[in-house]
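One structure below.
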Amino acid sequence: MMKILVTRQLPGNYLDGHENFDIHIFPGKGDMRQWILSNIVDADGILVTLNEKIDREIIDCASRLKVISTYSVGYDHIDVEYAKSRGITVTYTPEVLTEATADLIFGIMLAAARNIVAGDSLIRHDGWKSGWKPGFMLGSEVHGKTLGIIGMGRIGNAVLKRSKGFDMKAIYYSRSIHNVDAEYVDLDYLLSESDFVVIALDLNGETFHFMNYERISKMKKSAFLVNGTRGKVVNEDDLVRALENHIIRGAALDVFENEPVDSGNPLASMENVVMTPHLGSATYETREKMAETAVTNLFNVLNGKKPLYKL
């Protein structure tokens with residue numbers, strides 16, 4: 001009987017009906033890493049989330065491991081190349097969260113531009129003391145503005161489609177030209193011309209701290225930086241410095257260099273920054289579909305079939 005480790009309780013009942021497998025789910029108490037290290041020695045498969053770091057130490061402890069299935073589209077928490085060198089298949093859950101993530105990205109962009117979060121907070125803290133007046137909580141329009149998308153993969157393309165409903169002029173920069181309804185431009189032009197710069201990049205050696213102070217400084221002073229894909233693509237210290245120096249008007253962020261983020265983060269004290277706690281895929285529909293995909297990937301590999309998505 002094959003042994004499987006599952007690090008988190010997942011939505012749905014996709015782990016049910018697999019009586020021929022010995023499934024161990026983290027009980028929710030104790031140290032997760034120690035639990036993995038203690039149980040992975042004779043495990044054939046493991047299903048993890050982006051919270052669990054699957055590095056060489058863990059991989060070297062596994063004598064029978066055939067598959068690492070991650071309940072995420074990102075995989076920088078896994079040493080993928082080392083796992084593959086050990087003959088271990090690594091699977092992930094792309095596509096199923098594209099639309100939900102694009103919704104969230106567009107949502108935080110609107111929230112930052114129109115002071116939606118600040119306005120909500122004002123009322124909740126009894127700060128709305130006067131009626132309507134011409135200069136009260138002015139924001140930036142989104143309709144008709146220029147949207148610059150850095151990266152034109154699944155999420156970049158989904159954000160592009162949403163921009164059409166706002167009659168935005170869309171331009172993009174990517175490693176290659178794509179067949180999309182937007183103009184391909186060089187990076188400097190995109191940064192200097194966009195009213196909203198949306199990051200839609202994977203995280204790798206080339207994109208780590210891709211948006212640094214130098215590049216942010218090329219943006220319009222009236223522009224917003226929006227990131228809902230990978231936190232480490234933006235140099236957070238440089239972003240804080242740029243916001244403090246009024247280099248750009250604001251930012252909207254769903255992902256961060258180090259998560260979770262607390263109120264001590266300098267960004268949390270800035271009124272021109274909208275922050276959400278990594279909610280890109282956080283819909284009932286998407287999280288359940290992710291569970292179905294991650295479980296299917298896992299059992300397909302263990303049953304000698306092709307996974308839906310592998311790295």
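In the structure tokens, chains take the letters A, B, ... in the order shown, each chain's residues start at 1, and ligands count up from 1 in the order shown.
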For Val198 in chain A, work out the shell of residues within 6 Å, counting only C-alpha atoms and skipping chain neighbours fewer than 2 positions away, then give it as number ranges by chain. A: 149, 226-227
Selected residues written out, N, CA, C and O atoms, as a tab-separated table (two decimals), in the first residue's frame:
chain	number	residue	atom	x	y	z
A	149	ILE	N	1.10	46.08	-18.86
A	149	ILE	CA	1.18	44.74	-18.27
A	149	ILE	C	2.58	44.19	-18.51
A	149	ILE	O	3.02	44.09	-19.66
A	226	VAL	N	0.88	47.70	-9.45
A	226	VAL	CA	-0.06	46.67	-9.01
A	226	VAL	C	0.62	45.31	-9.11
A	226	VAL	O	1.11	44.94	-10.19
A	227	ASN	N	0.63	44.56	-8.01
A	227	ASN	CA	1.26	43.23	-8.03
A	227	ASN	C	0.37	42.21	-7.33
A	227	ASN	O	0.08	42.34	-6.14
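For range 230-234 of chain A, the set of protein, DNA and RNA residues having any atom at most 10 Å away, when counting only C-alpha atoms and skipping those fewer than 4 positions along the same chain, is A:Gly74, A:Asp76, A:Ile199, A:Ala200, A:Leu201, A:Asp202, A:Leu203, A:Asn204, A:Gly205, A:Glu206, A:Thr207, A:Phe208, A:His209, A:Phe210, A:Met211, A:Asn212, A:Tyr213, A:Ile216, A:Leu225, A:Asp238, A:Leu239, A:Leu253, A:Asp254, A:Val255, A:Phe256, A:Glu257, A:Asn258, A:Glu259, A:His278.
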Restricting it to C-alpha atoms, dump the selection as a PDB file, in the first residue's frame.
ATOM      1  CA  GLY A  74       3.696  28.921  -7.811  1.00  0.00           C
ATOM      2  CA  ASP A  76       9.359  28.479  -5.654  1.00  0.00           C
ATOM      3  CA  ILE A 199       3.097  42.832 -12.689  1.00  0.00           C
ATOM      4  CA  ALA A 200       2.188  39.439 -14.167  1.00  0.00           C
ATOM      5  CA  LEU A 201       5.520  37.618 -13.989  1.00  0.00           C
ATOM      6  CA  ASP A 202       6.608  34.221 -12.756  1.00  0.00           C
ATOM      7  CA  LEU A 203       9.367  34.234 -10.156  1.00  0.00           C
ATOM      8  CA  ASN A 204      12.767  33.022 -11.335  1.00  0.00           C
ATOM      9  CA  GLY A 205      16.390  34.120 -11.345  1.00  0.00           C
ATOM     10  CA  GLU A 206      15.700  36.780 -13.956  1.00  0.00           C
ATOM     11  CA  THR A 207      12.597  38.259 -12.335  1.00  0.00           C
ATOM     12  CA  PHE A 208      13.700  38.386  -8.682  1.00  0.00           C
ATOM     13  CA  HIS A 209      13.505  42.085  -7.660  1.00  0.00           C
ATOM     14  CA  PHE A 210      12.633  42.903 -11.277  1.00  0.00           C
ATOM     15  CA  MET A 211      10.873  46.066 -10.132  1.00  0.00           C
ATOM     16  CA  ASN A 212      13.555  47.993  -8.296  1.00  0.00           C
ATOM     17  CA  TYR A 213      13.968  51.673  -7.491  1.00  0.00           C
ATOM     18  CA  ILE A 216       9.923  52.370 -10.455  1.00  0.00           C
ATOM     19  CA  LEU A 225       2.105  49.793  -9.296  1.00  0.00           C
ATOM     20  CA  ASP A 238      12.741  50.081  -3.028  1.00  0.00           C
ATOM     21  CA  LEU A 239       8.968  50.379  -3.362  1.00  0.00           C
ATOM     22  CA  LEU A 253      -0.435  44.558  -3.534  1.00  0.00           C
ATOM     23  CA  ASP A 254      -1.766  41.076  -2.881  1.00  0.00           C
ATOM     24  CA  VAL A 255       1.654  39.420  -2.575  1.00  0.00           C
ATOM     25  CA  PHE A 256       4.749  40.377  -0.607  1.00  0.00           C
ATOM     26  CA  GLU A 257       8.418  39.487  -0.239  1.00  0.00           C
ATOM     27  CA  ASN A 258       7.835  37.836   3.130  1.00  0.00           C
ATOM     28  CA  GLU A 259       4.436  36.535   4.167  1.00  0.00           C
ATOM     29  CA  HIS A 278      -2.612  36.830  -0.801  1.00  0.00           C
TER      30      HIS A 278
END
Pick out each residue of range 39-140 of chain A that DSSP on the backbone tags as strand (DSSP E or B); I need them as number ranges by chain. A: 45-48, 54, 67-70, 78, 89-91
Could you dump the residues just selected with all heavy atoms as a PDB file, in the first residue's frame?
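Saved as selection_15.pdb:
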ATOM      1  N   GLY A  45       4.167   9.678  -1.977  1.00  0.00           N
ATOM      2  CA  GLY A  45       3.710  10.950  -2.521  1.00  0.00           C
ATOM      3  C   GLY A  45       3.428  11.936  -1.421  1.00  0.00           C
ATOM      4  O   GLY A  45       3.154  11.559  -0.283  1.00  0.00           O
ATOM      5  N   ILE A  46       3.510  13.230  -1.756  1.00  0.00           N
ATOM      6  CA  ILE A  46       3.182  14.275  -0.794  1.00  0.00           C
ATOM      7  C   ILE A  46       2.441  15.388  -1.509  1.00  0.00           C
ATOM      8  O   ILE A  46       2.796  15.771  -2.623  1.00  0.00           O
ATOM      9  CB  ILE A  46       4.445  14.815  -0.073  1.00  0.00           C
ATOM     10  CG1 ILE A  46       4.064  15.843   0.993  1.00  0.00           C
ATOM     11  CG2 ILE A  46       5.450  15.386  -1.062  1.00  0.00           C
ATOM     12  CD1 ILE A  46       5.209  16.252   1.907  1.00  0.00           C
ATOM     13  N   LEU A  47       1.388  15.883  -0.870  1.00  0.00           N
ATOM     14  CA  LEU A  47       0.618  17.009  -1.390  1.00  0.00           C
ATOM     15  C   LEU A  47       0.823  18.171  -0.431  1.00  0.00           C
ATOM     16  O   LEU A  47       0.511  18.075   0.750  1.00  0.00           O
ATOM     17  CB  LEU A  47      -0.864  16.635  -1.497  1.00  0.00           C
ATOM     18  CG  LEU A  47      -1.745  17.545  -2.362  1.00  0.00           C
ATOM     19  CD1 LEU A  47      -3.018  16.820  -2.782  1.00  0.00           C
ATOM     20  CD2 LEU A  47      -2.097  18.860  -1.685  1.00  0.00           C
ATOM     21  N   VAL A  48       1.380  19.268  -0.948  1.00  0.00           N
ATOM     22  CA  VAL A  48       1.762  20.400  -0.110  1.00  0.00           C
ATOM     23  C   VAL A  48       1.082  21.675  -0.600  1.00  0.00           C
ATOM     24  O   VAL A  48       0.485  21.711  -1.683  1.00  0.00           O
ATOM     25  CB  VAL A  48       3.295  20.600  -0.107  1.00  0.00           C
ATOM     26  CG1 VAL A  48       4.013  19.342   0.357  1.00  0.00           C
ATOM     27  CG2 VAL A  48       3.800  21.015  -1.498  1.00  0.00           C
ATOM     28  N   ILE A  54       9.821  22.595   0.510  1.00  0.00           N
ATOM     29  CA  ILE A  54      10.297  21.246   0.200  1.00  0.00           C
ATOM     30  C   ILE A  54      11.675  21.376  -0.430  1.00  0.00           C
ATOM     31  O   ILE A  54      11.818  21.570  -1.639  1.00  0.00           O
ATOM     32  CB  ILE A  54       9.314  20.501  -0.736  1.00  0.00           C
ATOM     33  CG1 ILE A  54       7.893  20.536  -0.157  1.00  0.00           C
ATOM     34  CG2 ILE A  54       9.778  19.074  -0.948  1.00  0.00           C
ATOM     35  CD1 ILE A  54       7.761  19.897   1.213  1.00  0.00           C
ATOM     36  N   VAL A  67       6.256  11.560  -6.205  1.00  0.00           N
ATOM     37  CA  VAL A  67       5.575  12.764  -6.678  1.00  0.00           C
ATOM     38  C   VAL A  67       5.425  13.780  -5.549  1.00  0.00           C
ATOM     39  O   VAL A  67       5.138  13.432  -4.403  1.00  0.00           O
ATOM     40  CB  VAL A  67       4.190  12.417  -7.273  1.00  0.00           C
ATOM     41  CG1 VAL A  67       3.326  11.660  -6.275  1.00  0.00           C
ATOM     42  CG2 VAL A  67       3.467  13.675  -7.773  1.00  0.00           C
ATOM     43  N   ILE A  68       5.660  15.049  -5.897  1.00  0.00           N
ATOM     44  CA  ILE A  68       5.342  16.187  -5.038  1.00  0.00           C
ATOM     45  C   ILE A  68       4.261  16.971  -5.763  1.00  0.00           C
ATOM     46  O   ILE A  68       4.501  17.526  -6.841  1.00  0.00           O
ATOM     47  CB  ILE A  68       6.556  17.088  -4.789  1.00  0.00           C
ATOM     48  CG1 ILE A  68       7.702  16.314  -4.145  1.00  0.00           C
ATOM     49  CG2 ILE A  68       6.171  18.288  -3.924  1.00  0.00           C
ATOM     50  CD1 ILE A  68       9.022  17.062  -4.149  1.00  0.00           C
ATOM     51  N   SER A  69       3.066  17.008  -5.209  1.00  0.00           N
ATOM     52  CA  SER A  69       1.958  17.755  -5.802  1.00  0.00           C
ATOM     53  C   SER A  69       1.727  19.003  -4.964  1.00  0.00           C
ATOM     54  O   SER A  69       1.480  18.910  -3.762  1.00  0.00           O
ATOM     55  CB  SER A  69       0.685  16.902  -5.826  1.00  0.00           C
ATOM     56  OG  SER A  69      -0.417  17.664  -6.277  1.00  0.00           O
ATOM     57  N   THR A  70       1.814  20.177  -5.596  1.00  0.00           N
ATOM     58  CA  THR A  70       1.598  21.400  -4.840  1.00  0.00           C
ATOM     59  C   THR A  70       0.249  22.016  -5.178  1.00  0.00           C
ATOM     60  O   THR A  70      -0.143  22.095  -6.352  1.00  0.00           O
ATOM     61  CB  THR A  70       2.729  22.430  -5.040  1.00  0.00           C
ATOM     62  OG1 THR A  70       2.477  23.575  -4.218  1.00  0.00           O
ATOM     63  CG2 THR A  70       2.868  22.858  -6.488  1.00  0.00           C
ATOM     64  N   ILE A  78       9.530  24.834  -3.656  1.00  0.00           N
ATOM     65  CA  ILE A  78      10.018  23.482  -3.922  1.00  0.00           C
ATOM     66  C   ILE A  78      11.322  23.563  -4.718  1.00  0.00           C
ATOM     67  O   ILE A  78      11.429  24.354  -5.657  1.00  0.00           O
ATOM     68  CB  ILE A  78       8.991  22.672  -4.735  1.00  0.00           C
ATOM     69  CG1 ILE A  78       7.655  22.593  -3.987  1.00  0.00           C
ATOM     70  CG2 ILE A  78       9.509  21.266  -5.059  1.00  0.00           C
ATOM     71  CD1 ILE A  78       6.526  22.002  -4.819  1.00  0.00           C
ATOM     72  N   THR A  89       8.505  13.409  -9.722  1.00  0.00           N
ATOM     73  CA  THR A  89       7.654  14.280 -10.524  1.00  0.00           C
ATOM     74  C   THR A  89       7.089  15.390  -9.653  1.00  0.00           C
ATOM     75  O   THR A  89       6.629  15.144  -8.533  1.00  0.00           O
ATOM     76  CB  THR A  89       6.501  13.480 -11.154  1.00  0.00           C
ATOM     77  OG1 THR A  89       7.030  12.454 -11.995  1.00  0.00           O
ATOM     78  CG2 THR A  89       5.596  14.382 -11.977  1.00  0.00           C
ATOM     79  N   VAL A  90       7.126  16.628 -10.153  1.00  0.00           N
ATOM     80  CA  VAL A  90       6.564  17.765  -9.430  1.00  0.00           C
ATOM     81  C   VAL A  90       5.394  18.309 -10.244  1.00  0.00           C
ATOM     82  O   VAL A  90       5.535  18.618 -11.429  1.00  0.00           O
ATOM     83  CB  VAL A  90       7.605  18.874  -9.209  1.00  0.00           C
ATOM     84  CG1 VAL A  90       6.999  20.023  -8.393  1.00  0.00           C
ATOM     85  CG2 VAL A  90       8.845  18.316  -8.510  1.00  0.00           C
ATOM     86  N   THR A  91       4.226  18.396  -9.601  1.00  0.00           N
ATOM     87  CA  THR A  91       3.024  18.870 -10.289  1.00  0.00           C
ATOM     88  C   THR A  91       2.484  20.128  -9.610  1.00  0.00           C
ATOM     89  O   THR A  91       2.795  20.405  -8.448  1.00  0.00           O
ATOM     90  CB  THR A  91       1.933  17.789 -10.298  1.00  0.00           C
ATOM     91  OG1 THR A  91       1.457  17.578  -8.957  1.00  0.00           O
ATOM     92  CG2 THR A  91       2.464  16.481 -10.858  1.00  0.00           C
TER      93      THR A  91
END
Under the rule that only C-alpha atoms are counted, which of A:Asn157, A:Thr286, A:Ser194, A:Ser269 is the nearest residue to Thr93 in chain A? A:Thr286
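Within 12 Å of range 167-169 of chain A, once only C-alpha atoms are used and residues closer than 3 positions along the same chain are dropped, the contacting residues are Glu141, Val142, His143, Gly144, Lys145, Thr146, Leu147, Gly148, Ile149, Val159, Leu160, Lys161, Arg162, Ser163, Lys164, Tyr172, Asp181, Ala182, Glu183, Tyr184, Leu190, Glu193, Ser194, Asp195 and Phe196 of chain A.
For the pair CA of Glu288 in chain A and CA of Ala252 in chain A, the separation is 26.2 Å.
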Could you give me, as a ChimeraX atom specification, each residue of range 10-86 of chain A that DSSP assigns to helix (DSSP H, G or I) when run on this structure's backbone? /A:32-39,56-61,80-85
